[in-house]
Structure formats: C-alpha cells, structure tokens
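Peer 1: Contents of protein_31.cif (mmCIF, C-alpha atoms):
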```
data_final
#
loop_
_atom_site.label_atom_id
_atom_site.label_comp_id
_atom_site.auth_asym_id
_atom_site.auth_seq_id
_atom_site.Cartn_x
_atom_site.Cartn_y
_atom_site.Cartn_z
CA MET A 11 7.77 18.12 14.04
CA LYS A 12 8.15 16.31 10.74
CA ARG A 13 6.06 17.68 7.90
CA ILE A 14 5.34 16.03 4.61
CA LEU A 15 5.42 18.02 1.40
CA LEU A 16 2.22 19.77 0.44
CA PRO A 17 0.28 18.80 -2.71
CA VAL A 18 1.92 19.97 -5.93
CA ALA A 19 -0.17 22.43 -7.95
CA ALA A 20 0.21 23.00 -11.69
CA LEU A 21 2.03 26.27 -12.39
CA ALA A 22 1.25 28.70 -15.22
CA ILE A 23 3.80 28.70 -18.05
CA LEU A 24 5.04 32.06 -19.38
CA ALA A 25 5.94 31.95 -23.06
CA ALA A 26 7.74 34.63 -25.08
CA CYS A 27 5.84 35.71 -28.19
CA GLY A 28 7.94 37.21 -30.97
CA GLY A 29 9.98 39.27 -28.55
CA LYS A 30 7.03 41.66 -28.02
CA SER A 31 4.90 40.62 -25.10
CA ARG A 32 4.45 37.67 -22.83
CA GLN A 33 1.24 35.73 -22.48
CA VAL A 34 0.14 33.30 -19.82
CA VAL A 35 -0.50 29.83 -21.16
CA THR A 36 -2.57 27.77 -18.75
CA PRO A 37 -1.71 24.07 -18.96
CA GLU A 38 -4.28 21.33 -18.79
CA PRO A 39 -5.14 20.52 -15.16
CA LEU A 40 -3.30 17.53 -13.78
CA SER A 41 -5.33 14.46 -12.94
CA PRO A 42 -5.43 13.41 -9.27
CA ALA A 43 -3.17 10.47 -10.16
CA ALA A 44 -0.64 12.77 -11.83
CA GLU A 45 -0.65 15.08 -8.81
CA LEU A 46 -0.07 12.07 -6.55
CA ARG A 47 2.85 10.99 -8.72
CA LEU A 48 4.45 14.43 -8.38
CA ARG A 49 3.99 14.39 -4.60
CA LEU A 50 5.61 10.96 -4.30
CA ASP A 51 8.45 12.00 -6.57
CA SER A 52 9.07 15.06 -4.39
CA VAL A 53 9.29 12.85 -1.29
CA VAL A 54 11.94 10.65 -2.94
CA ASP A 55 13.82 13.66 -4.31
CA ALA A 56 14.02 15.04 -0.77
CA GLY A 57 15.65 11.81 0.44
CA LYS A 58 12.60 10.93 2.54
CA TYR A 59 9.94 8.21 2.53
CA LEU A 60 6.43 7.90 3.94
CA PHE A 61 5.78 5.68 6.94
CA GLY A 62 2.60 3.67 6.47
CA HIS A 63 0.32 1.59 8.71
CA HIS A 64 -2.67 -0.55 7.77
CA ASP A 65 -6.11 0.35 9.23
CA ASP A 66 -4.39 2.90 11.45
CA THR A 67 -7.44 4.91 12.55
CA ALA A 68 -9.97 2.05 12.51
CA TYR A 69 -8.74 0.17 15.58
CA GLY A 70 -5.65 -0.47 17.68
CA HIS A 71 -4.39 -2.80 20.36
CA THR A 72 -6.89 -1.70 23.02
CA TRP A 73 -9.51 0.35 21.14
CA GLU A 74 -11.68 0.54 18.04
CA TYR A 75 -13.44 3.37 16.20
CA GLU A 76 -12.46 6.10 18.63
CA GLU A 77 -12.36 9.71 17.48
CA GLY A 78 -8.70 10.54 16.78
CA GLY A 79 -7.65 6.98 17.57
CA SER A 80 -4.27 5.79 16.25
CA ASP A 81 -1.59 3.72 17.97
CA VAL A 82 1.02 5.50 15.84
CA LYS A 83 -0.26 8.91 16.95
CA ALA A 84 -0.58 7.78 20.58
CA VAL A 85 3.14 6.93 20.66
CA THR A 86 4.66 9.56 18.35
CA GLY A 87 2.19 12.45 18.44
CA GLU A 88 1.62 12.18 14.68
CA TYR A 89 -0.30 10.00 12.26
CA PRO A 90 1.50 7.85 9.71
CA ALA A 91 2.02 9.76 6.47
CA LEU A 92 0.52 6.81 4.59
CA MET A 93 -2.57 4.86 5.60
CA SER A 94 -3.41 1.47 4.13
CA TRP A 95 -6.92 0.06 3.64
CA ASP A 96 -8.43 -3.10 2.13
CA LEU A 97 -11.41 -3.74 -0.17
CA GLY A 98 -11.93 -7.42 0.66
CA LEU A 99 -15.68 -8.27 0.34
CA ILE A 100 -16.48 -5.15 -1.71
CA GLU A 101 -16.85 -7.68 -4.53
CA VAL A 102 -20.00 -9.14 -2.94
CA ASP A 103 -21.52 -5.78 -1.96
CA SER A 104 -20.78 -6.23 1.74
CA ALA A 105 -21.12 -3.18 3.97
CA ARG A 106 -17.91 -4.18 5.81
CA ASN A 107 -14.58 -5.51 4.61
CA LEU A 108 -12.96 -8.79 5.58
CA ASP A 109 -11.70 -7.35 8.88
CA GLY A 110 -15.10 -5.88 9.74
CA VAL A 111 -14.26 -2.27 8.85
CA PRO A 112 -17.27 -0.47 7.31
CA PHE A 113 -16.61 0.77 3.81
CA GLY A 114 -18.28 4.04 4.72
CA PHE A 115 -15.70 4.47 7.48
CA ILE A 116 -12.85 3.70 5.08
CA ARG A 117 -14.19 6.31 2.67
CA SER A 118 -14.34 8.95 5.42
CA GLN A 119 -10.85 8.13 6.71
CA ILE A 120 -9.29 8.30 3.26
CA ALA A 121 -10.76 11.80 2.95
CA ALA A 122 -9.55 12.77 6.43
CA GLN A 123 -6.03 11.50 5.74
CA HIS A 124 -5.88 13.42 2.47
CA ALA A 125 -7.15 16.58 4.17
CA ARG A 126 -4.34 16.46 6.74
CA GLY A 127 -1.77 16.19 3.94
CA GLY A 128 -1.34 12.43 4.04
CA PHE A 129 -1.47 9.60 1.50
CA ASN A 130 -3.61 6.47 1.10
CA THR A 131 -3.02 3.03 -0.36
CA ILE A 132 -5.59 0.28 -0.97
CA SER A 133 -5.12 -3.48 -1.23
CA TRP A 134 -7.79 -6.09 -2.04
CA HIS A 135 -8.37 -9.58 -0.64
CA PRO A 136 -11.34 -10.83 -2.69
CA ILE A 137 -12.93 -14.21 -2.09
CA ASN A 138 -12.27 -17.14 -4.45
CA PRO A 139 -14.88 -16.75 -7.21
CA ALA A 140 -15.04 -20.50 -7.81
CA THR A 141 -15.52 -21.67 -4.22
CA ARG A 142 -16.65 -18.52 -2.37
CA GLY A 143 -13.95 -19.30 0.16
CA ASN A 144 -11.61 -16.55 1.27
CA SER A 145 -8.51 -15.25 -0.53
CA TRP A 146 -6.42 -18.06 0.98
CA ASP A 147 -8.69 -20.79 -0.44
CA THR A 148 -6.57 -22.39 -3.16
CA SER A 149 -8.60 -25.60 -3.44
CA VAL A 150 -9.81 -24.52 -6.88
CA ALA A 151 -7.81 -22.40 -9.33
CA PRO A 152 -10.44 -19.98 -10.71
CA LEU A 153 -8.26 -18.34 -13.35
CA ALA A 154 -8.11 -21.64 -15.23
CA ASP A 155 -11.85 -21.29 -15.89
CA SER A 156 -12.73 -18.61 -18.43
CA VAL A 157 -16.26 -18.42 -17.04
CA MET A 158 -14.82 -17.02 -13.83
CA LEU A 159 -13.60 -13.96 -15.73
CA ASP A 160 -17.20 -12.80 -16.11
CA THR A 161 -17.62 -12.88 -12.33
CA LEU A 162 -14.27 -11.21 -11.78
CA THR A 163 -15.16 -8.44 -14.22
CA VAL A 164 -18.27 -7.63 -12.17
CA TRP A 165 -16.20 -7.68 -8.99
CA ILE A 166 -13.52 -5.43 -10.47
CA ASP A 167 -16.21 -2.95 -11.52
CA ARG A 168 -17.49 -2.86 -7.93
CA ALA A 169 -14.00 -2.12 -6.64
CA ALA A 170 -13.67 0.57 -9.30
CA ALA A 171 -16.99 2.13 -8.29
CA PHE A 172 -15.84 2.39 -4.68
CA ILE A 173 -12.56 4.05 -5.61
CA ALA A 174 -14.41 6.39 -7.98
CA SER A 175 -16.63 7.40 -5.05
CA LEU A 176 -13.69 8.74 -3.04
CA LYS A 177 -14.10 12.53 -3.08
CA ASP A 178 -12.95 15.49 -1.03
CA ALA A 179 -15.24 18.16 0.42
CA ASP A 180 -15.30 19.95 -2.94
CA GLY A 181 -16.21 16.81 -4.86
CA LYS A 182 -12.75 16.31 -6.38
CA PRO A 183 -11.60 12.67 -6.68
CA LEU A 184 -9.15 11.67 -3.96
CA PRO A 185 -5.86 10.21 -5.21
CA VAL A 186 -5.00 6.71 -3.96
CA ILE A 187 -2.49 3.96 -4.61
CA PHE A 188 -4.24 0.73 -5.62
CA ARG A 189 -2.33 -2.53 -5.06
CA PRO A 190 -4.45 -5.44 -6.34
CA TRP A 191 -3.32 -9.06 -6.68
CA HIS A 192 -0.39 -8.64 -4.31
CA GLU A 193 2.11 -11.31 -3.22
CA ASN A 194 1.36 -13.25 -6.38
CA SER A 195 4.78 -14.92 -6.31
CA GLY A 196 3.66 -16.87 -3.24
CA SER A 197 1.23 -19.77 -3.30
CA TRP A 198 -1.15 -18.74 -0.48
CA PHE A 199 -3.64 -16.68 -2.54
CA TRP A 200 -5.87 -18.05 -5.29
CA TRP A 201 -4.22 -15.64 -7.76
CA GLY A 202 -0.75 -16.74 -6.65
CA SER A 203 1.90 -18.88 -8.29
CA GLY A 204 0.38 -22.15 -7.10
CA SER A 205 -2.97 -21.41 -8.74
CA ALA A 206 -2.23 -19.21 -11.74
CA THR A 207 0.30 -19.19 -14.57
CA PRO A 208 2.25 -16.00 -15.22
CA GLU A 209 0.11 -15.43 -18.29
CA GLN A 210 -3.11 -15.79 -16.29
CA TYR A 211 -1.88 -13.44 -13.61
CA ILE A 212 -0.81 -10.78 -16.11
CA ALA A 213 -4.18 -11.04 -17.87
CA LEU A 214 -6.00 -10.58 -14.54
CA TYR A 215 -3.96 -7.52 -13.60
CA ARG A 216 -4.38 -5.98 -17.05
CA LEU A 217 -8.13 -6.67 -17.00
CA THR A 218 -8.36 -4.83 -13.68
CA ARG A 219 -6.50 -1.78 -14.96
CA GLU A 220 -8.44 -1.74 -18.23
CA ARG A 221 -11.82 -1.85 -16.46
CA PHE A 222 -10.80 1.12 -14.31
CA ASP A 223 -9.52 3.03 -17.32
CA SER A 224 -12.65 2.34 -19.33
CA ALA A 225 -14.69 3.83 -16.47
CA GLY A 226 -12.64 7.04 -16.70
CA ILE A 227 -11.07 6.64 -13.26
CA ASP A 228 -8.09 8.99 -13.05
CA ASN A 229 -7.31 9.08 -9.32
CA VAL A 230 -5.28 5.86 -9.07
CA LEU A 231 -1.61 4.96 -9.16
CA TRP A 232 -1.15 1.22 -9.73
CA ALA A 233 1.24 -0.84 -7.60
CA TYR A 234 2.76 -4.25 -8.36
CA SER A 235 4.04 -6.10 -5.29
CA PRO A 236 5.25 -9.70 -5.42
CA ASP A 237 6.67 -11.37 -2.33
CA LYS A 238 10.23 -12.17 -1.20
CA ASP A 239 13.23 -14.16 -2.46
CA LEU A 240 12.94 -13.30 -6.15
CA THR A 241 15.62 -12.77 -8.76
CA ARG A 242 15.11 -9.95 -11.24
CA GLU A 243 13.95 -12.48 -13.84
CA GLN A 244 11.45 -14.02 -11.43
CA TYR A 245 10.19 -10.62 -10.33
CA LEU A 246 9.57 -9.54 -13.92
CA SER A 247 8.04 -12.85 -15.05
CA THR A 248 4.60 -11.70 -13.91
CA TYR A 249 5.10 -7.96 -14.42
CA PRO A 250 1.96 -6.63 -16.15
CA GLY A 251 3.90 -4.05 -18.19
CA ASP A 252 4.91 -0.41 -18.03
CA ASP A 253 1.56 0.73 -19.42
CA TYR A 254 -0.24 -0.90 -16.47
CA VAL A 255 2.00 -0.22 -13.46
CA ASP A 256 3.14 2.99 -11.74
CA ILE A 257 4.77 1.63 -8.57
CA LEU A 258 7.12 -1.33 -8.22
CA GLY A 259 7.17 -2.82 -4.74
CA ALA A 260 7.80 -5.92 -2.69
CA ASP A 261 6.27 -7.51 0.41
CA ILE A 262 8.94 -8.88 2.78
CA TYR A 263 8.13 -9.68 6.41
CA ALA A 264 10.41 -10.42 9.34
CA PHE A 265 9.92 -13.66 11.28
CA ASP A 266 11.40 -15.47 14.30
CA GLY A 267 12.28 -12.45 16.41
CA GLU A 268 15.96 -11.89 17.13
CA GLU A 269 16.98 -15.12 15.40
CA GLY A 270 15.32 -14.02 12.17
CA ILE A 271 16.96 -10.60 11.87
CA GLY A 272 19.82 -11.88 9.72
CA GLN A 273 17.54 -13.63 7.27
CA TYR A 274 15.20 -10.63 7.04
CA THR A 275 18.10 -8.25 6.43
CA GLU A 276 19.49 -10.49 3.69
CA ARG A 277 16.10 -10.79 2.01
CA VAL A 278 15.53 -7.04 1.95
CA ARG A 279 19.04 -6.29 0.70
CA ALA A 280 18.83 -8.97 -1.96
CA GLN A 281 15.54 -7.80 -3.45
CA LEU A 282 14.62 -4.19 -2.73
CA PRO A 283 17.67 -2.53 -4.35
CA MET A 284 16.82 -4.51 -7.48
CA VAL A 285 13.22 -3.24 -7.30
CA VAL A 286 14.46 0.34 -6.89
CA ASP A 287 16.84 -0.06 -9.82
CA GLU A 288 14.13 -1.55 -12.03
CA ALA A 289 11.72 1.23 -11.09
CA ARG A 290 14.26 3.91 -11.99
CA ARG A 291 15.06 2.25 -15.30
CA ARG A 292 11.38 2.25 -16.20
CA GLY A 293 10.54 5.71 -14.89
CA LYS A 294 8.45 4.25 -12.05
CA ILE A 295 8.23 4.72 -8.28
CA ALA A 296 9.69 2.16 -5.88
CA ALA A 297 8.16 1.21 -2.53
CA PHE A 298 8.44 -1.27 0.34
CA THR A 299 4.77 -2.16 0.05
CA GLU A 300 4.40 -4.45 3.10
CA THR A 301 6.68 -5.39 5.96
CA GLY A 302 6.89 -5.68 9.72
CA LEU A 303 7.64 -7.96 12.66
CA GLU A 304 4.49 -9.34 14.27
CA GLY A 305 4.30 -8.71 18.02
CA LEU A 306 7.63 -6.80 18.03
CA PRO A 307 9.56 -9.25 20.24
CA VAL A 308 12.69 -7.27 19.33
CA ALA A 309 12.39 -4.04 21.33
CA ASP A 310 14.66 -1.96 19.05
CA TRP A 311 13.49 -3.44 15.75
CA TYR A 312 12.58 -0.09 14.22
CA THR A 313 15.91 1.65 14.86
CA ARG A 314 18.27 -1.33 14.66
CA VAL A 315 16.69 -3.25 11.80
CA LEU A 316 14.22 -1.25 9.72
CA ARG A 317 15.88 2.17 9.75
CA PRO A 318 19.25 1.06 8.31
CA LEU A 319 17.48 -0.89 5.58
CA THR A 320 15.17 1.89 4.40
CA ASP A 321 16.73 5.28 5.15
CA SER A 322 18.88 5.50 2.02
CA LEU A 323 17.05 3.06 -0.23
CA GLY A 324 15.28 5.53 -2.51
CA ILE A 325 11.76 4.26 -1.88
CA ALA A 326 8.64 6.45 -1.70
CA TYR A 327 7.14 4.61 1.27
CA VAL A 328 7.31 1.68 3.66
CA CYS A 329 4.11 0.20 5.07
CA VAL A 330 3.72 -2.11 8.07
CA TRP A 331 0.61 -4.18 8.73
CA ARG A 332 -2.18 -3.62 11.22
CA ASN A 333 -2.57 -3.60 14.99
CA GLY A 334 -5.24 -6.18 15.75
CA ILE A 335 -7.51 -5.71 18.74
CA GLN A 336 -6.01 -7.34 21.84
CA THR A 337 -9.12 -9.34 22.74
CA GLN A 338 -9.19 -10.89 19.25
CA LYS A 339 -5.52 -11.25 18.29
CA PRO A 340 -3.32 -10.29 21.23
CA GLU A 341 0.03 -10.72 19.45
CA HIS A 342 -1.06 -9.45 16.05
CA PHE A 343 0.38 -5.93 15.90
CA TYR A 344 3.18 -4.25 13.99
CA VAL A 345 3.66 -0.85 15.65
CA PRO A 346 4.01 -0.45 19.41
CA TYR A 347 1.10 0.85 21.45
CA PRO A 348 1.45 2.93 24.65
CA GLY A 349 3.14 0.83 27.31
CA HIS A 350 4.76 -1.66 24.93
CA PRO A 351 8.54 -2.22 25.41
CA SER A 352 9.18 -0.89 21.87
CA GLU A 353 7.44 2.41 22.53
CA ALA A 354 10.61 4.45 23.14
CA ASP A 355 12.38 2.87 20.16
CA PHE A 356 9.50 3.73 17.84
CA ARG A 357 9.58 7.34 19.01
CA LEU A 358 13.31 7.39 18.32
CA TYR A 359 12.66 5.98 14.83
CA HIS A 360 10.08 8.73 14.31
CA ASP A 361 12.54 11.41 15.45
CA THR A 362 15.74 10.25 13.74
CA SER A 363 14.86 8.31 10.58
CA ASN A 364 14.03 9.70 7.15
CA ALA A 365 10.47 8.45 7.54
CA LEU A 366 7.70 11.03 7.31
CA PHE A 367 4.61 11.31 9.47
CA VAL A 368 1.80 13.89 9.47
CA LYS A 369 -0.03 15.99 12.04
#
```
Would you put the structure from the file into structure tokens?

Peer 2:
Amino acid sequence: MKRILLPVAALAILAACGGKSRQVVTPEPLSPAAELRLRLDSVVDAGKYLFGHHDDTAYGHTWEYEEGGSDVKAVTGEYPALMSWDLGLIEVDSARNLDGVPFGFIRSQIAAQHARGGFNTISWHPINPATRGNSWDTSVAPLADSVMLDTLTVWIDRAAAFIASLKDADGKPLPVIFRPWHENSGSWFWWGSGSATPEQYIALYRLTRERFDSAGIDNVLWAYSPDKDLTREQYLSTYPGDDYVDILGADIYAFDGEEGIGQYTERVRAQLPMVVDEARRRGKIAAFTETGLEGLPVADWYTRVLRPLTDSLGIAYVCVWRNGIQTQKPEHFYVPYPGHPSEADFRLYHDTSNALFVK
C-alpha cells in the first residue's frame, strides 16, 4: 500500500544558554498554509508526487453521492492523494456549484480528505460579471470596465468566506490550494488573453489575494496555472509576482487519442521543466495542475504516456479532470472506472509510478 507523508508538526527548539542549562523555546505555531507547504515540500523531497482527481467522491461514471464512492478507489483500492473541487456559482450565493455539487458536500469532503491524510485543491469558474453568462462567455470583456471590479470584489469575498469556513473537527482551518483565474493564457475564459490585458489579469489576481489576506485567511496556498505552448517569457508575462503566488503550474491536456500522443508529449516536455525550473529559482512549488485524456481511448495511457512524463519531473502533484456521469456525458471521464479497458493499466500506474494515493 502506498502511504503519503503525515502532516508536519512544529518541533521544539533546544537552545544552549551560557553553557549552563538548556531551555525549551517554543516557536510560533505554523499557519495551516505553512504546514501545507512543508507537507508538499516533503513529498517532492521524497521523489514522489500526489495523484489528483476532480470531484472524485461526488460522482463517477455510473454513480453519484454514494457513501465511499470513488472511481479511483474502486479500481485501485485507494483514494487519490489530492482531490480537486470548484467554487463556480459561489459568487452568486448558489447552494450548488456549476456542476451541481452542493457546497455543503464539498465542505464535508474536503474535511474527510484531510482527515484521511490527503490534500485538497480548489479552482473557480465564476460567471461573467458583465453578462451573467458562464465563465466561457467572452462576448463582453468585464475587466475593461472598472465598475465591474466592485462586483468582483464582492464575489471574491464570498469565495474567501467559503474557504475560511473550512474547518476540521476541532475547529482548525483546513489547508487548501486555491487556483483562481486558471488557463488565462487561453482565450476561452472571460479573464483570459482574449478578454484581458496582462496588466488587467495581474490586477485581478492580486486583488483576489489581497482580499483574502485582509480577511486574515491563513489556510491557503496560491497557485498560478496558465495553459499550454508558452515560452518562459510568455508564461511570466501575466505572473502576479512572488508575493502573491506559492505554486507554479500549467494545464496541458491530451487530445486525439493515439495520434495526439506525440504532440502531448512535446507540449509537456517543452513547458513543464521550465515551470519546475522557474519554481525552484523563486523558492516555489511546481505542479501539473490539470491534465488528462478524455474518454481514455488509449488503453495504456497512464503507464505509457503520463508516467514517463511525470515520475522524475520534480512536481508536487498531477491532477486529472472529472468523471462525468454516464447518462449525462458518457465519454467525459479521465480515470478508468471498473470494467473500462484501461482499468488494469491504471492499477499498474498506481502500483509502479511515483504517484501517491491514500487509504
């Protein structure tokens, strides 16, 4: 069985005093975010990385909201070490997110994942504040209108309030990775390159971080994750700054089945080592923040394609997207479910890769 490293606790420091006696100096307690940083660093130092899956315990290919449900667990016997969740529609006080998952359920599952020794990451697909269309509505560029910043500030505060509400059984804030305004180098989101200048994007990201900080929220590590095909200069052109970011990542998906393997491999090898190098130079964490092959038409994709790309990369985690419910999106899944042709390959990936899972 693969086990992830347990949470890191602050240790007492023994200091010599004039050569006479020794006294125990108790350091200031670490914040939840600082503890999370140490845990992620220990994973990388061990030559491992967390395997992540979006909405893992909410629904799967043939089920939804079942006690203990998880397609990853059904195939491998363990949960993913990292679970991904989304805050889309929290901005308008909805009880459910954009995929219909209740926010109360997300809160409970983040706590459950933490209790079993796992990690959690959160993305956000807010609606367009100018049109009230979804995140992919680019018909109006809201960041060009300063009035929209007032609305966005309210929305950011609502997202902050939800994350501040994440507590364990003892009332301690639960540490999470927050990854707002992702894939900004693409043009499909209203905060992306087709709708926002680099300066506008940086201002939006910094506003988000500053609103959280002003509320005293100390359980968040901040991730920056543009999309694919970027040079170092392009990647850094919208970088919010070292004071605002803790994790440098990239979202790179595989397309076109077997025919697309070469292109996917080239894209990952062209960009992720640069991201890892930049993270190390800046004292940050590197991650493969989103990836996957929809529908898994390549039966050995995990062992033949993903494993060689990630096993020695020096990232803290890799996260694949969700398994949609079969009756709604039959080909929209990124990990195999029981009975899928990739089932045996995924178990082999679980058993032989440097990826970590959790009981």

Peer 1: Between A:Asp155, A:Asp178, A:Glu77, A:Glu304, which one has atoms that come closest to A:His342, using all atoms listed in the file?

Peer 2: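 Among A:Asp155, A:Asp178, A:Glu77, A:Glu304, it is A:Glu304 that comes nearest to A:His342.
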
Peer 1: What gap, in Å, lies between atom CA of A:Arg216 and atom CA of A:Asp237?

Peer 2: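 Separation of atom CA of A:Arg216 and atom CA of A:Asp237: 19.2 Å.
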
Peer 1: Pick out the closest residue to A:Trp165 from this set: A:Val230, A:Leu99, A:Ala179, A:Ile132. Count only C-alpha atoms.

Peer 2: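 Closest to A:Trp165, using only C-alpha atoms: A:Leu99.
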
Peer 1: Report, in Å with one decimal, the straight-line distance from atom CA of A:Glu353 to atom CA of A:Ala264.

Peer 2: 18.6 Å

Peer 1: Would you mind listing what lies within 10 Å of A:Ala171 as a PyMOL selection string, with all atoms listed in the file counted and same-chain residues fewer than 6 positions away left out?

Peer 2: chain A and resi 100+165+222+225+227

Peer 1: Go ahead and save the picked residues with C-alpha atoms, as a short mmCIF file (atom, residue, chain, number, x, y, z; two decimals), keeping the file's coordinate frame.

Peer 2:
```
data_model
loop_
_atom_site.label_atom_id
_atom_site.label_comp_id
_atom_site.auth_asym_id
_atom_site.auth_seq_id
_atom_site.Cartn_x
_atom_site.Cartn_y
_atom_site.Cartn_z
CA ILE A 100 -16.48 -5.15 -1.71
CA TRP A 165 -16.20 -7.68 -8.99
CA PHE A 222 -10.80 1.12 -14.31
CA ALA A 225 -14.69 3.83 -16.47
CA ILE A 227 -11.07 6.64 -13.26
#
```

Peer 1: Quick one: distance from atom CA of A:His63 to atom CA of A:Asp253 in Å, one decimal?

Peer 2: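 Computing it gives 28.2 Å between the two atoms.
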